[in-house]
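Trainee: Sharing a structure with you now.
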Amino acid sequence: WVRMVTAQTPTNIAVIKYWGKRDETLILPVNDSISVTLDPNDLCTTTTVAVSPTFDQDRMWLNGKEISLSGGRFQSCLKEIRARACEVEDEEKAIKIAKKDWEKLHLHIASYNNFPTAAGLASSAAGFACLVFSLAKLMNAKEDNSELSAIARQGSGSACRSLFGGFVKWTMGKVDNGSDSLAIQVADEKHWDDLVIIIAVVSSRMKETSSTTGMRDTVETSLLLQHRAKEVVPKRIVEMEEAIKNRDFASFARLTCSDSNQFHAVCLDTQPPIFYMNDTSHKIINCVEKWNRSEETPQVAYTFDAGPNAVLIAHNRKAAAQLMQKLLYYFPPNSDTDINSYVAGDKTI
Ligand code: DP6
């Protein structure tokens with residue numbers, strides 16, 4: 001027999017960024033963060049997990065290519081989920097798995113991303129969230145999504161926020177074992193559904209400095225990070241939750257743009273400095289800033305993760321349509337500062 005479960009998980013985009021760990025093994029952050037989860041039809045990972053007595057080892061395929069499962073992060077997630085596995089009884093298929101059988105049974109895992117891996121589009125976030133969620137279902141684990149988020153966190157920090165839709169907060173937690181460092185939903189996907197997210201893919205190449213090594217260097221060398229984590233982010237988290245609850249786009253945009261810019265300032269303050277944005281990213285910022293200043297209230301918020309791609313959050317569909325017009329005018333296809341493509345174009349969150 002074979003028992004199989006398939007799950008689909010969207011990626012999330014931080015509007016208050018996570019950057020820096022206080023514990024590298026458990027992946028515990030130096031500050032809280034808040035993100036918005038994309039529509040499940042946009043950037044997402046689909047993972048199928050299977051178990052069968054005929055499998056003789058754990059194996060995993062990513063986008064059709066076999067990858068090693070020996071990494072500490074995969075092993076942590078597998079170990080944590082196996083520890084929570086429960087009895088499974090599927091009468092229809094005549095499958096009965098006792099709790100203790102899970103220790104001996106092996107898994108096959110196949111995962112697909114519908115977007116470029118490691119191009120600063122947070123593929124690890126959707127990937128580990130989907131892995132943990134699908135394994136929990138396969139093994140009949142009883143934990144809720146917040147508890148599962150603390151496991152996904154050990155795969156990749158940002159993954160913990162993809163266990164929920166809508167707006168999600170990752171609370172950094174206090175205790176050393178990380179059990180209180182988990183995600184909670186701030187508002188569900190229906191709460192603010194006139195927002196439109198457009199991602200301008202400036203480059204789909206692999207990023208030069210991974211988030212993991214980048215944030216390690218930042219923690220070791222940046223004084224600005226200390227100020228950000230202790231003084232700036234705690235206040236911003238409170239203001240951002242308030243802005244989301246009140247659907248206050250002016251505050252939401254101000255906080256989102258400032259936080260992205262401070263994150264990139266912290267990267268510049270790292271030794272050696274890290275440059276994730278490029279000339280096209282800077283031009284996009286200028287274009288949005290100029291437009292927002294010319295209107296009574298801001299129309300678009302921008303945010304950039306560990307790469308040059310712009311995530312643009314428009315106030316509503318009208319603003320999104322105007323934004324696309326401006327981008328196509330300032331960055332015409334096949335010009336030097338070409339934007340390769342746009343994704344998540346017409347979808348509401
Ligand atoms: C800039 O979650 O990819 O996207 O925990 O080392 O796997 P690890 O890092 P990762 O870092 C994401 C950083 C970010 C900001 C964010 O998503 O909050």
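Labeling convention for the structure tokens: chains A, B, ... as they appear, residues from 1 per chain, ligands from 1 in order of appearance.
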Please return as a PDB file with C-alpha atoms, in the first residue's frame the residues found within 7 Å of ligand 1, counting only C-alpha atoms and all ligand atoms.
Mentor:
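In the end it all went to result33.pdb:
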```pdb
ATOM      1  CA  ILE A  13       5.867  38.732   1.716  1.00  0.00           C
ATOM      2  CA  ALA A  14       7.069  40.484   4.855  1.00  0.00           C
ATOM      3  CA  ILE A  16       7.861  44.278   8.610  1.00  0.00           C
ATOM      4  CA  LYS A  17      10.994  42.245   7.932  1.00  0.00           C
ATOM      5  CA  TYR A  18      12.678  39.406   9.757  1.00  0.00           C
ATOM      6  CA  TRP A  19      16.442  39.847   9.525  1.00  0.00           C
ATOM      7  CA  ILE A  27      15.936  29.741  13.942  1.00  0.00           C
ATOM      8  CA  SER A  33       7.771  40.360  11.777  1.00  0.00           C
ATOM      9  CA  ALA A 122      10.835  33.543  -0.751  1.00  0.00           C
ATOM     10  CA  SER A 124      11.872  28.485   1.065  1.00  0.00           C
ATOM     11  CA  ALA A 125       8.929  30.038   2.910  1.00  0.00           C
ATOM     12  CA  GLY A 155      13.142  24.773   8.153  1.00  0.00           C
ATOM     13  CA  SER A 156      13.270  28.466   7.263  1.00  0.00           C
ATOM     14  CA  GLY A 157      12.283  31.356   9.497  1.00  0.00           C
ATOM     15  CA  SER A 158       9.905  33.022   7.065  1.00  0.00           C
ATOM     16  CA  ALA A 159       8.150  29.666   6.442  1.00  0.00           C
ATOM     17  CA  SER A 211      19.407  35.189   3.516  1.00  0.00           C
ATOM     18  CA  THR A 212      21.005  32.794   5.972  1.00  0.00           C
ATOM     19  CA  ASP A 305      13.372  41.053   0.083  1.00  0.00           C
ATOM     20  CA  ALA A 306      16.826  39.535  -0.355  1.00  0.00           C
TER      21      ALA A 306
END
```
Trainee: At a cut-off of 12 Å, using only C-alpha atoms, what residues contact Glu66 in chain A? Leave out same-chain residues fewer than 6 positions from it and give the result as a ChimeraX atom specification.
Mentor: /A:58-60,108-112
Trainee: Give me, as JSON, numbers by chain, all polymer residues having an atom no more than 10 Å from His106 in chain A, counting only C-alpha atoms and skipping those fewer than 4 positions away in the same chain.
Mentor: {"A": [50, 51, 52, 53, 54, 55, 56, 57, 58, 59, 102]}
Trainee: Of the residues A:Thr37, A:Glu239, A:Ala187, A:Asn309, which is the one nearest to Asp279 in chain A, using only C-alpha atoms?
Mentor: A:Asn309
Trainee: Using DSSP on the backbone coordinates, identify all residues within range 133-336 of chain A classified as alpha helix (DSSP H); present the result as number ranges by chain.
Mentor: A: 133-138, 145-152, 211-221, 223-227, 233-245, 249-268, 279-294, 317-330
Trainee: Go ahead and dump the residues you just picked, C-alpha atoms, as an mmCIF file, in the first residue's frame.
Mentor:
```
data_model
loop_
_atom_site.group_PDB
_atom_site.id
_atom_site.type_symbol
_atom_site.label_atom_id
_atom_site.label_comp_id
_atom_site.auth_asym_id
_atom_site.auth_seq_id
_atom_site.Cartn_x
_atom_site.Cartn_y
_atom_site.Cartn_z
ATOM 1 C CA PHE A 133 1.734 20.889 6.683
ATOM 2 C CA SER A 134 1.519 17.935 4.280
ATOM 3 C CA LEU A 135 3.569 15.676 6.599
ATOM 4 C CA ALA A 136 1.354 16.633 9.539
ATOM 5 C CA LYS A 137 -1.718 15.563 7.538
ATOM 6 C CA LEU A 138 -0.050 12.358 6.318
ATOM 7 C CA ASN A 145 -1.373 25.685 12.470
ATOM 8 C CA SER A 146 0.403 27.873 15.044
ATOM 9 C CA GLU A 147 2.042 24.816 16.584
ATOM 10 C CA LEU A 148 2.992 23.583 13.100
ATOM 11 C CA SER A 149 4.413 27.028 12.330
ATOM 12 C CA ALA A 150 6.988 26.551 15.100
ATOM 13 C CA ILE A 151 8.160 23.418 13.248
ATOM 14 C CA ALA A 152 8.167 25.064 9.802
ATOM 15 C CA SER A 211 19.407 35.189 3.516
ATOM 16 C CA THR A 212 21.005 32.794 5.972
ATOM 17 C CA THR A 213 24.618 33.921 5.473
ATOM 18 C CA GLY A 214 23.568 37.533 4.941
ATOM 19 C CA MET A 215 21.762 37.769 8.257
ATOM 20 C CA ARG A 216 24.570 35.971 10.071
ATOM 21 C CA ASP A 217 27.046 38.617 8.844
ATOM 22 C CA THR A 218 24.590 41.371 9.801
ATOM 23 C CA VAL A 219 24.158 40.055 13.353
ATOM 24 C CA GLU A 220 27.939 39.878 13.759
ATOM 25 C CA THR A 221 28.790 43.304 12.357
ATOM 26 C CA LEU A 223 25.221 48.229 14.988
ATOM 27 C CA LEU A 224 22.233 49.547 13.077
ATOM 28 C CA LEU A 225 20.590 46.116 13.453
ATOM 29 C CA GLN A 226 20.696 46.436 17.268
ATOM 30 C CA HIS A 227 18.893 49.768 17.046
ATOM 31 C CA VAL A 233 10.594 47.282 15.009
ATOM 32 C CA PRO A 234 8.660 46.895 18.304
ATOM 33 C CA LYS A 235 6.935 50.242 17.675
ATOM 34 C CA ARG A 236 6.366 49.499 14.000
ATOM 35 C CA ILE A 237 4.739 46.140 14.799
ATOM 36 C CA VAL A 238 2.130 47.855 16.977
ATOM 37 C CA GLU A 239 1.494 50.542 14.338
ATOM 38 C CA MET A 240 1.319 47.992 11.516
ATOM 39 C CA GLU A 241 -1.224 45.822 13.349
ATOM 40 C CA GLU A 242 -3.294 48.938 13.903
ATOM 41 C CA ALA A 243 -3.028 49.982 10.231
ATOM 42 C CA ILE A 244 -4.108 46.505 9.093
ATOM 43 C CA LYS A 245 -7.046 46.375 11.514
ATOM 44 C CA PHE A 249 -3.532 52.331 3.569
ATOM 45 C CA ALA A 250 -1.558 55.571 4.145
ATOM 46 C CA SER A 251 -0.030 54.189 7.368
ATOM 47 C CA PHE A 252 0.346 50.714 5.886
ATOM 48 C CA ALA A 253 2.294 52.090 2.909
ATOM 49 C CA ARG A 254 4.483 54.389 5.027
ATOM 50 C CA LEU A 255 5.431 51.552 7.405
ATOM 51 C CA THR A 256 5.971 48.984 4.638
ATOM 52 C CA CYS A 257 8.249 51.237 2.546
ATOM 53 C CA SER A 258 10.216 52.491 5.580
ATOM 54 C CA ASP A 259 10.754 48.991 6.861
ATOM 55 C CA SER A 260 11.975 47.704 3.502
ATOM 56 C CA ASN A 261 14.369 50.645 3.259
ATOM 57 C CA GLN A 262 15.668 50.108 6.785
ATOM 58 C CA PHE A 263 16.212 46.410 6.109
ATOM 59 C CA HIS A 264 18.333 47.312 3.060
ATOM 60 C CA ALA A 265 20.145 49.982 5.097
ATOM 61 C CA VAL A 266 21.013 47.287 7.648
ATOM 62 C CA CYS A 267 22.355 45.160 4.773
ATOM 63 C CA LEU A 268 24.558 48.103 3.706
ATOM 64 C CA ASP A 279 19.537 50.157 -10.364
ATOM 65 C CA THR A 280 16.157 48.989 -11.600
ATOM 66 C CA SER A 281 14.982 48.420 -8.000
ATOM 67 C CA HIS A 282 16.068 51.966 -7.098
ATOM 68 C CA LYS A 283 14.280 53.393 -10.138
ATOM 69 C CA ILE A 284 11.084 51.594 -9.141
ATOM 70 C CA ILE A 285 11.333 53.134 -5.642
ATOM 71 C CA ASN A 286 11.764 56.609 -7.147
ATOM 72 C CA CYS A 287 8.830 56.110 -9.470
ATOM 73 C CA VAL A 288 6.492 54.997 -6.635
ATOM 74 C CA GLU A 289 7.696 57.708 -4.219
ATOM 75 C CA LYS A 290 7.143 60.425 -6.817
ATOM 76 C CA TRP A 291 3.681 59.153 -7.670
ATOM 77 C CA ASN A 292 2.644 58.783 -4.010
ATOM 78 C CA ARG A 293 3.771 62.361 -3.294
ATOM 79 C CA SER A 294 1.715 63.702 -6.183
ATOM 80 C CA ARG A 317 -7.590 47.644 -8.585
ATOM 81 C CA LYS A 318 -7.629 51.159 -10.032
ATOM 82 C CA ALA A 319 -4.258 51.974 -8.446
ATOM 83 C CA ALA A 320 -2.906 48.612 -9.655
ATOM 84 C CA ALA A 321 -3.969 49.366 -13.239
ATOM 85 C CA GLN A 322 -2.351 52.819 -13.080
ATOM 86 C CA LEU A 323 0.789 51.298 -11.599
ATOM 87 C CA MET A 324 1.080 48.784 -14.454
ATOM 88 C CA GLN A 325 0.716 51.632 -16.954
ATOM 89 C CA LYS A 326 3.509 53.591 -15.280
ATOM 90 C CA LEU A 327 5.812 50.578 -15.040
ATOM 91 C CA LEU A 328 5.322 49.703 -18.695
ATOM 92 C CA TYR A 329 6.009 53.337 -19.618
ATOM 93 C CA TYR A 330 9.164 53.747 -17.486
#
```
Trainee: Could you check the closest approach to Lys96 in chain A for each of A:Gly165, A:Met139, A:Tyr276, A:Ile67 and tell me which residue wins, using only C-alpha atoms?
Mentor: A:Met139
Trainee: Taking the DSSP assignment computed from this structure's backbone, write out as a list of chain:residue names all residues of range 68-176 of chain A that belong to strand (DSSP E or B).
Mentor: A:Val88, A:Glu89, A:Asp90, A:Ile95, A:Lys96, A:Ile97, A:His106, A:Leu107, A:His108, A:Ile109, A:Ala110, A:Ser111, A:Tyr112, A:Asn113, A:Phe167, A:Val168, A:Lys169, A:Trp170
Trainee: Could you work out how far CA of Cys77 in chain A lies from CA of Phe164 in chain A, giving the answer in Å with one decimal?
Mentor: 18.1 Å
Trainee: Identify which of the residues A:Val311, A:Ile34, A:Pro40, A:Pro332 lies closest to Thr171 in chain A, counting only C-alpha atoms when measuring atom-to-atom distances.
Mentor: A:Ile34
Trainee: Taking only C-alpha atoms into account, name the residue in A:Ser162, A:Gln185, A:Thr6, A:Ser76 that is nearest to Val49 in chain A.
Mentor: A:Thr6
Trainee: Could you jot down the CA of Asn278 in chain A to CA of Ala200 in chain A separation for me, Å, one decimal place?
Mentor: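 If I compute the distance from CA of Asn278 in chain A to CA of Ala200 in chain A, I get 12.9 Å.
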